[in-house]
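Notes follow the structure.
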Amino acid sequence: MKYLFSLILAVFLSAAMVSPALAKEKPSSKLQTQKLDLNADKVKEIITMEDKFDTDGFSVITIARPKADKIGSFTVPGRFKAIEFADLYGDGAKQIAVYFEGKDASNHLVLYGIKNNRISRIFGVDSACDIEGDFSTVLARITIDKPVCEEGSCYCPEQPEHEIWIWTGEKFIRER
């Protein structure tokens with residue numbers, strides 16, 4: 001009986017110990033992948049979104065061709081929330097709308113495009129409140145909820161004031 005008790009105690013103690021190398025291991029990042037023809041060449045590019053916020057404080061979006069030809073990548077300084085695709089120019093090529101939350105809990109939307117195999121930033125907005133994009137029509141629209149500031153503090157009410165940006169075919173302009 002003593003032998004059995006000693007064996008169980010030894011197994012329990014050894015299982016409770018954690019290797020120092022395992023204890024310091026970084027958690028794996030969140031990875032998402034989509035395939036979509038971004039440049040209207042009838043070949044679907046591979047878009048990979050990697051949320052590294054918990055480990056590195058940023059997220060990475062990488063765009064590659066199916067045969068492992070990397071077009072490029074970009075980082076956003078925060079936690080990846082969502083991605084949408086828009087055809088702003090009406091030419092079949094897709095632009096990438098990346099939504100992310102900054103380190104200060106602010107919301108961001110940045111649009112990127114690909115031209116001549118180069119990624120470029122088209123437009124970006126941020127707010128302490130929500131940001132919504134509607135890229136379903138020719139006149140794409142971005143609605144930014146604005147915080148209300150009173151007596152030195154700001155908050156996002158249930159019925160916030162909005163700032164609206166509309167796509168003209170060449171650039172976003174602010175409505176009003």
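By convention in this document, the chains of the structure tokens carry letters A, B, ... by their order, each chain's residues are numbered from 1, and ligands are numbered from 1 in the order they are shown.
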Within 12 Å of stretch 77-86 of chain A, which residues of stretch 131-156 of chain A come that close, and what is the closest atom pair and distance in Å for each? Count only C-alpha atoms and give it as JSON lines.
```
{"residue": "A:Ile131", "atom": "CA", "partner": "A:Ala82", "partner_atom": "CA", "distance": 11.5}
{"residue": "A:Glu132", "atom": "CA", "partner": "A:Glu84", "partner_atom": "CA", "distance": 10.8}
{"residue": "A:Gly133", "atom": "CA", "partner": "A:Glu84", "partner_atom": "CA", "distance": 8.7}
{"residue": "A:Asp134", "atom": "CA", "partner": "A:Ala86", "partner_atom": "CA", "distance": 8.9}
{"residue": "A:Phe135", "atom": "CA", "partner": "A:Ala86", "partner_atom": "CA", "distance": 5.5}
{"residue": "A:Ser136", "atom": "CA", "partner": "A:Ala86", "partner_atom": "CA", "distance": 7.4}
{"residue": "A:Thr137", "atom": "CA", "partner": "A:Ala86", "partner_atom": "CA", "distance": 9.2}
{"residue": "A:Val138", "atom": "CA", "partner": "A:Ala86", "partner_atom": "CA", "distance": 9.6}
{"residue": "A:Leu139", "atom": "CA", "partner": "A:Ala86", "partner_atom": "CA", "distance": 10.9}
{"residue": "A:Ala140", "atom": "CA", "partner": "A:Ala86", "partner_atom": "CA", "distance": 8.4}
{"residue": "A:Arg141", "atom": "CA", "partner": "A:Ala86", "partner_atom": "CA", "distance": 11.0}
```
task = Find the residues near stretch 115-127 of chain A: any atom within 6 Å, counting only C-alpha atoms, skip ones fewer than 6 places away on the same chain, and give them as a ChimeraX atom specification.
result = /A:71,106-109
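DSSP on the backbone gives alpha helix (DSSP H) for these parts of stretch 9-152 of chain A: Leu9, Ala10, Val11, Phe12, Leu13, Ser14, Ala15, Ala16, Pro20, Ala21, Leu22, Ala23, Phe53, Asp54, Thr55 and Asp56 of chain A.
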message = Set the distance at 7 Å and use only C-alpha atoms: which residues neighbour A:Met49 once local chain neighbours fewer than 6 positions away are removed? I'd like the list as JSON, numbers by chain.
response = {"A": [31, 32, 33, 60, 61, 62]}
Include all heavy atoms and write out the residues we just selected as a CSV table (one decimal), in the first residue's frame.
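Wrote it out as out_17.csv, contents follow:
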```
chain,number,residue,atom,x,y,z
A,31,LEU,N,-4.6,33.0,-37.0
A,31,LEU,CA,-4.3,33.1,-38.4
A,31,LEU,C,-5.6,32.8,-39.2
A,31,LEU,O,-6.3,31.9,-38.9
A,31,LEU,CB,-3.2,32.0,-38.7
A,31,LEU,CG,-2.5,32.1,-40.1
A,31,LEU,CD1,-1.7,33.3,-40.2
A,31,LEU,CD2,-1.6,30.9,-40.2
A,32,GLN,N,-5.8,33.7,-40.2
A,32,GLN,CA,-7.0,33.5,-41.1
A,32,GLN,C,-6.5,33.7,-42.5
A,32,GLN,O,-5.6,34.5,-42.8
A,32,GLN,CB,-8.0,34.5,-40.8
A,32,GLN,CG,-8.7,34.5,-39.4
A,32,GLN,CD,-9.7,35.6,-39.2
A,32,GLN,OE1,-10.3,36.0,-40.2
A,32,GLN,NE2,-9.8,36.1,-38.0
A,33,THR,N,-7.1,32.9,-43.4
A,33,THR,CA,-6.7,33.0,-44.8
A,33,THR,C,-7.9,33.0,-45.7
A,33,THR,O,-8.9,32.3,-45.4
A,33,THR,CB,-5.8,31.7,-45.2
A,33,THR,OG1,-4.7,31.7,-44.3
A,33,THR,CG2,-5.3,31.8,-46.6
A,60,VAL,N,-0.6,41.4,-38.9
A,60,VAL,CA,0.1,41.4,-40.2
A,60,VAL,C,-0.8,40.8,-41.3
A,60,VAL,O,-1.5,39.8,-41.1
A,60,VAL,CB,1.4,40.5,-40.2
A,60,VAL,CG1,2.1,40.5,-41.5
A,60,VAL,CG2,2.3,41.0,-39.1
A,61,ILE,N,-0.9,41.5,-42.4
A,61,ILE,CA,-1.7,41.0,-43.6
A,61,ILE,C,-0.7,40.8,-44.7
A,61,ILE,O,0.1,41.7,-45.0
A,61,ILE,CB,-2.8,42.0,-44.0
A,61,ILE,CG1,-3.9,42.1,-42.9
A,61,ILE,CG2,-3.4,41.6,-45.3
A,61,ILE,CD1,-3.6,43.0,-41.8
A,62,THR,N,-0.7,39.6,-45.2
A,62,THR,CA,0.3,39.2,-46.3
A,62,THR,C,-0.5,38.8,-47.5
A,62,THR,O,-1.6,38.1,-47.4
A,62,THR,CB,1.1,38.0,-45.8
A,62,THR,OG1,1.8,38.4,-44.6
A,62,THR,CG2,2.2,37.6,-46.9
```
message = I'd like to know which residues of stretch 59-171 of chain A are strand (DSSP E) (by DSSP, run on the backbone); could you write them as a count of residues only?
response = 72
Please report, as a tab-separated table, each residue of stretch 52-168 of chain A lying at most 8 Å from stretch 36-39 of chain A, together with the nearest pair of atoms and the separation in Å rounded to one decimal; use only C-alpha atoms, and order rows by chain and ascending residue number.
```
residue	atom	partner	partner_atom	distance
A:Gly92	CA	A:Asn39	CA	7.3
A:Ala93	CA	A:Asn39	CA	4.4
A:Lys94	CA	A:Leu38	CA	4.6
A:Gln95	CA	A:Leu38	CA	7.0
A:Ile114	CA	A:Asn39	CA	6.9
A:Lys115	CA	A:Asn39	CA	7.7
```
Let me see the file: selected residues, C-alpha atoms, as a short mmCIF file (atom, residue, chain, number, x, y, z; two decimals), in the first residue's frame.
```cif
data_model
loop_
_atom_site.label_atom_id
_atom_site.label_comp_id
_atom_site.auth_asym_id
_atom_site.auth_seq_id
_atom_site.Cartn_x
_atom_site.Cartn_y
_atom_site.Cartn_z
CA GLY A 92 -12.82 44.44 -61.14
CA ALA A 93 -9.71 44.93 -58.98
CA LYS A 94 -10.40 44.69 -55.25
CA GLN A 95 -9.22 46.99 -52.50
CA ILE A 114 -2.59 46.75 -55.17
CA LYS A 115 -1.20 48.37 -58.29
#
```
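Take atom CA of A:Val148 and atom CA of A:Phe58: the distance between them is 28.2 Å.
Our summary of the geometry notes that atom CA of A:Lys35 is positioned 28.6 Å from atom CA of A:Lys103.
Closest approach to A:Ile166 among A:Asp145, A:Glu151, A:Ala97, A:Leu88 is made by A:Leu88 (distances from only C-alpha atoms).
Nearest residue to A:Thr168 among A:Gly90, A:Thr75, A:Ile144, A:Phe53 is A:Gly90, counting only C-alpha atoms.
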Residue among A:Tyr155, A:Ile173, A:Ile63, A:Trp165 lying closest to A:Glu45, counting only C-alpha atoms = A:Ile63
query = Using only C-alpha atoms, which of A:Val76, A:Val43, A:Leu111, A:Ile142 sits nearest A:Gly57?
reply = A:Val76
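Among the candidate residues A:Ala64, A:Thr143, A:Asp91, A:Gly72, the one lying nearest to A:Phe172 is A:Thr143, with distances computed using only C-alpha atoms.
The spacing separating atom CA of A:Gln34 from atom CA of A:Ile47 amounts to 5.2 Å.
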